[in-house]
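Inspection log for the structure reproduced underneath, given as C-alpha cells.
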Amino acid sequence: MNCIIVDDEPLAREGMLLLLQDIPELNVIGCFNGPKKAREFMLENTVDLIFLDIQMPGINGLEFAESIPEQTLIIFTTAYSQYALKSYEVDAIDYLVKPIIKTRLEKSIKKAFAYRELLSGKEEKSTLESLETDFMLIKSDRKFHKLLFRDILYIEGLKDYVVIYVNDSKIITAMNLKTISQHLPEMHFIRVSKSYMVNVQHIDSFDNHTIYIKTSEIPIGEVFRKKFLEQYLGKNISDRL
C-alpha cells in the first residue's frame, strides 16, 4: 500500500518514517511539510493512505481531507485530541494523538488494510434481503442468514457499505448507514455519529465523546450527542449532565 506523510514538523515526519519502516506492507513514497505539495504529488502518483497532521500553516489537515479522493484513506496524526470528532466527519479511518505509540499505530494500519480490501472488492460482501420485527435476512455465499437484532453490537458506515459487528465477527452489506437506520428499531439502535450506530443493549460504558462496547471505542458526534443522551438516559437525566 502506497502512503505519504504530511506534517509541518520535520521531527514528526522523521519519527513517523522510523515507525513505518518496520511495516513491509507499507511503501512510503513521499513526505511533505504541507497540503499544497502533497496535493501536487497526488495528481501524478497513486496514494492509498495518508498520515495527516491537522494544525499546519495555511490549509489545515481537516480542510485538506475534504479534497482528498474517496479511494485514499486518511489516518490523522496530531498533538491535539480535541479534533478527534471532527476527523470522523471527513471519513478518516483513525485518529492518532502524538506521541504515537507503535502498537496503536499498528492497529490503525490493520484497519486501513481491512478497509482497502473492502473498497477494492476483495472482501466478501453480503446483501440485505429483508428486515423483520426482530431480525434481518442477509444473503451471503448463496445462503440466507438470520441475524437477530439483539446480537448486533454496533454498525459502522463506510461510504456505500455498512459493516455489521456481531460478537467477534462482521458482516459487510451493500447499503448506506442512513438507509439501514431507518429500518432498525429505535428502542435498541441509536445513531451516535455520521459513521456509527450502536445497540444500546451492548453499551458497557460511555463518556462525553466515546461509547465503549467490549474492546471497541465508538466516537459520539457533536450533533448526535444530545439525542443519544436523551434516548439512552431519558430527557430529565440528560438535562442535568
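Labels used: A, B, ... for chains in the order of the C-alpha cells, numbers from 1 for residues in each chain, and numbers from 1 for ligands as shown.
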When DSSP works through the backbone of this structure, what residues of stretch 14-115 of chain A end up as helix (DSSP H, G or I), shown as a PDB file with C-alpha atoms, in the first residue's frame?
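Written output follows (result_4.pdb):
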ATOM      1  CA  GLU A  14      11.147  11.673  10.737  1.00  0.00           C
ATOM      2  CA  GLY A  15       9.560   9.925  13.708  1.00  0.00           C
ATOM      3  CA  MET A  16       6.707   8.600  11.587  1.00  0.00           C
ATOM      4  CA  LEU A  17       9.162   7.350   8.975  1.00  0.00           C
ATOM      5  CA  LEU A  18      11.022   5.396  11.654  1.00  0.00           C
ATOM      6  CA  LEU A  19       7.786   3.819  12.889  1.00  0.00           C
ATOM      7  CA  LEU A  20       6.683   2.845   9.372  1.00  0.00           C
ATOM      8  CA  PRO A  35      -1.017  20.050   1.870  1.00  0.00           C
ATOM      9  CA  LYS A  36      -0.023  22.109  -1.182  1.00  0.00           C
ATOM     10  CA  LYS A  37       2.977  19.974  -2.145  1.00  0.00           C
ATOM     11  CA  ALA A  38       1.128  16.801  -1.168  1.00  0.00           C
ATOM     12  CA  ARG A  39      -1.791  17.691  -3.449  1.00  0.00           C
ATOM     13  CA  GLU A  40       0.556  18.311  -6.392  1.00  0.00           C
ATOM     14  CA  PHE A  41       2.235  14.955  -5.790  1.00  0.00           C
ATOM     15  CA  MET A  42      -1.122  13.128  -5.623  1.00  0.00           C
ATOM     16  CA  GLY A  61      -5.414  18.886   7.696  1.00  0.00           C
ATOM     17  CA  LEU A  62      -9.199  18.831   8.064  1.00  0.00           C
ATOM     18  CA  GLU A  63      -9.646  21.228   5.136  1.00  0.00           C
ATOM     19  CA  PHE A  64      -7.204  19.232   3.026  1.00  0.00           C
ATOM     20  CA  ALA A  65      -9.003  15.977   3.861  1.00  0.00           C
ATOM     21  CA  SER A  81      -7.117  15.399  20.895  1.00  0.00           C
ATOM     22  CA  GLN A  82      -9.960  17.934  20.547  1.00  0.00           C
ATOM     23  CA  TYR A  83     -10.124  17.396  16.778  1.00  0.00           C
ATOM     24  CA  ALA A  84     -10.978  13.687  17.054  1.00  0.00           C
ATOM     25  CA  LEU A  85     -14.715  14.037  16.482  1.00  0.00           C
ATOM     26  CA  LYS A  86     -14.306  16.381  13.516  1.00  0.00           C
ATOM     27  CA  SER A  87     -11.895  13.907  11.913  1.00  0.00           C
ATOM     28  CA  TYR A  88     -14.640  11.300  11.543  1.00  0.00           C
ATOM     29  CA  LYS A 102       3.777   1.788  17.853  1.00  0.00           C
ATOM     30  CA  THR A 103       1.133  -0.745  18.938  1.00  0.00           C
ATOM     31  CA  ARG A 104      -1.604   1.861  18.428  1.00  0.00           C
ATOM     32  CA  LEU A 105      -0.205   2.710  15.002  1.00  0.00           C
ATOM     33  CA  GLU A 106      -0.167  -0.965  14.005  1.00  0.00           C
ATOM     34  CA  LYS A 107      -3.832  -1.262  14.987  1.00  0.00           C
ATOM     35  CA  SER A 108      -4.682   1.688  12.719  1.00  0.00           C
ATOM     36  CA  ILE A 109      -2.745   0.202   9.816  1.00  0.00           C
ATOM     37  CA  LYS A 110      -4.570  -3.129  10.173  1.00  0.00           C
ATOM     38  CA  LYS A 111      -7.819  -1.203   9.973  1.00  0.00           C
ATOM     39  CA  ALA A 112      -6.579   0.585   6.846  1.00  0.00           C
ATOM     40  CA  PHE A 113      -5.788  -2.711   5.129  1.00  0.00           C
ATOM     41  CA  ALA A 114      -9.208  -4.118   6.055  1.00  0.00           C
ATOM     42  CA  TYR A 115     -10.924  -1.055   4.590  1.00  0.00           C
TER      43      TYR A 115
END
Original post:
Contacts of stretch 143-151 of chain A at 10 Å or less, counting only C-alpha atoms, minus same-chain residues fewer than 6 places along, as an MDAnalysis selection string?
Top reply: chainID A and resid 126:137 164:167 171 184:185 188:189 199:202
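Distance annotation: of A:Leu233, A:Cys3, A:Leu96, A:Ile213, the residue with the minimal separation from A:Ile29 is A:Cys3; atom set is only C-alpha atoms.
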Original post:
Residues at most 8 Å from A:Pro219, counting only C-alpha atoms, excluding those fewer than 4 positions away in the same chain, as a list of chain:residue names?
Top reply: A:Leu85, A:Val192, A:Ser193, A:Tyr196, A:His209, A:Thr210, A:Ile211
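By chain and then residue number, the residues within 10 Å of A:Arg191 are Tyr154, Ile155, Leu177, Lys178, Ser181, Glu186, Phe189, Ser193, Lys194, Ser195, Tyr196, Met197, Val198, Asn199, Ile220, Gly221, Phe224, Arg225, Lys227 and Phe228 of chain A, counting only C-alpha atoms and disregarding those fewer than 2 positions away in sequence.
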**OP:** Can you pull out every residue within 6 Å of stretch 70-75 of chain A, counting only C-alpha atoms, but drop anything in the same chain fewer than 2 positions away, and send it as JSON, numbers by chain?
**Re:** {"A": [48, 49, 50, 51, 92, 93, 94, 95]}
Output file for the residues above (N, CA, C and O atoms, as a short mmCIF file (atom, residue, chain, number, x, y, z; two decimals), in the first residue's frame):
data_model
loop_
_atom_site.label_atom_id
_atom_site.label_comp_id
_atom_site.auth_asym_id
_atom_site.auth_seq_id
_atom_site.Cartn_x
_atom_site.Cartn_y
_atom_site.Cartn_z
N ASP A 48 -2.53 5.50 -1.54
CA ASP A 48 -3.60 4.73 -0.91
C ASP A 48 -3.93 5.22 0.49
O ASP A 48 -5.06 5.09 0.94
N LEU A 49 -2.92 5.75 1.17
CA LEU A 49 -3.10 6.11 2.58
C LEU A 49 -2.27 7.34 2.91
O LEU A 49 -1.12 7.46 2.47
N ILE A 50 -2.86 8.27 3.69
CA ILE A 50 -2.15 9.48 4.12
C ILE A 50 -2.12 9.54 5.64
O ILE A 50 -3.15 9.39 6.31
N PHE A 51 -0.92 9.74 6.20
CA PHE A 51 -0.77 10.06 7.61
C PHE A 51 -0.72 11.59 7.68
O PHE A 51 0.25 12.20 7.25
N ALA A 92 -12.23 9.94 8.07
CA ALA A 92 -10.93 9.40 8.46
C ALA A 92 -11.15 8.04 9.11
O ALA A 92 -12.14 7.82 9.81
N ILE A 93 -10.22 7.12 8.87
CA ILE A 93 -10.41 5.79 9.45
C ILE A 93 -9.84 5.71 10.86
O ILE A 93 -10.19 4.79 11.61
N ASP A 94 -8.99 6.67 11.25
CA ASP A 94 -8.47 6.65 12.61
C ASP A 94 -7.83 7.99 12.94
O ASP A 94 -7.60 8.83 12.06
N TYR A 95 -7.54 8.15 14.24
CA TYR A 95 -7.03 9.42 14.77
C TYR A 95 -5.99 9.09 15.83
O TYR A 95 -6.31 8.50 16.87
#
Subject >> Test item, strand (DSSP E or B) assignment across chain A, answer as a PyMOL selection string >> reply: chain A and resi 2-6+27-32+49-52+73-78+94-97+126-131+135-140+143-148+152-158+161-166+169-173+189-191+196-199+205-206+210-213+216-219
Subject >> Residues near A:Ile5, cut-off 7 Å, only C-alpha atoms, skip fewer than 5 positions along chain, as a list in words >> reply: Arg13, Gly30, Cys31, Phe32, Ile50, Phe51 and Leu52 of chain A
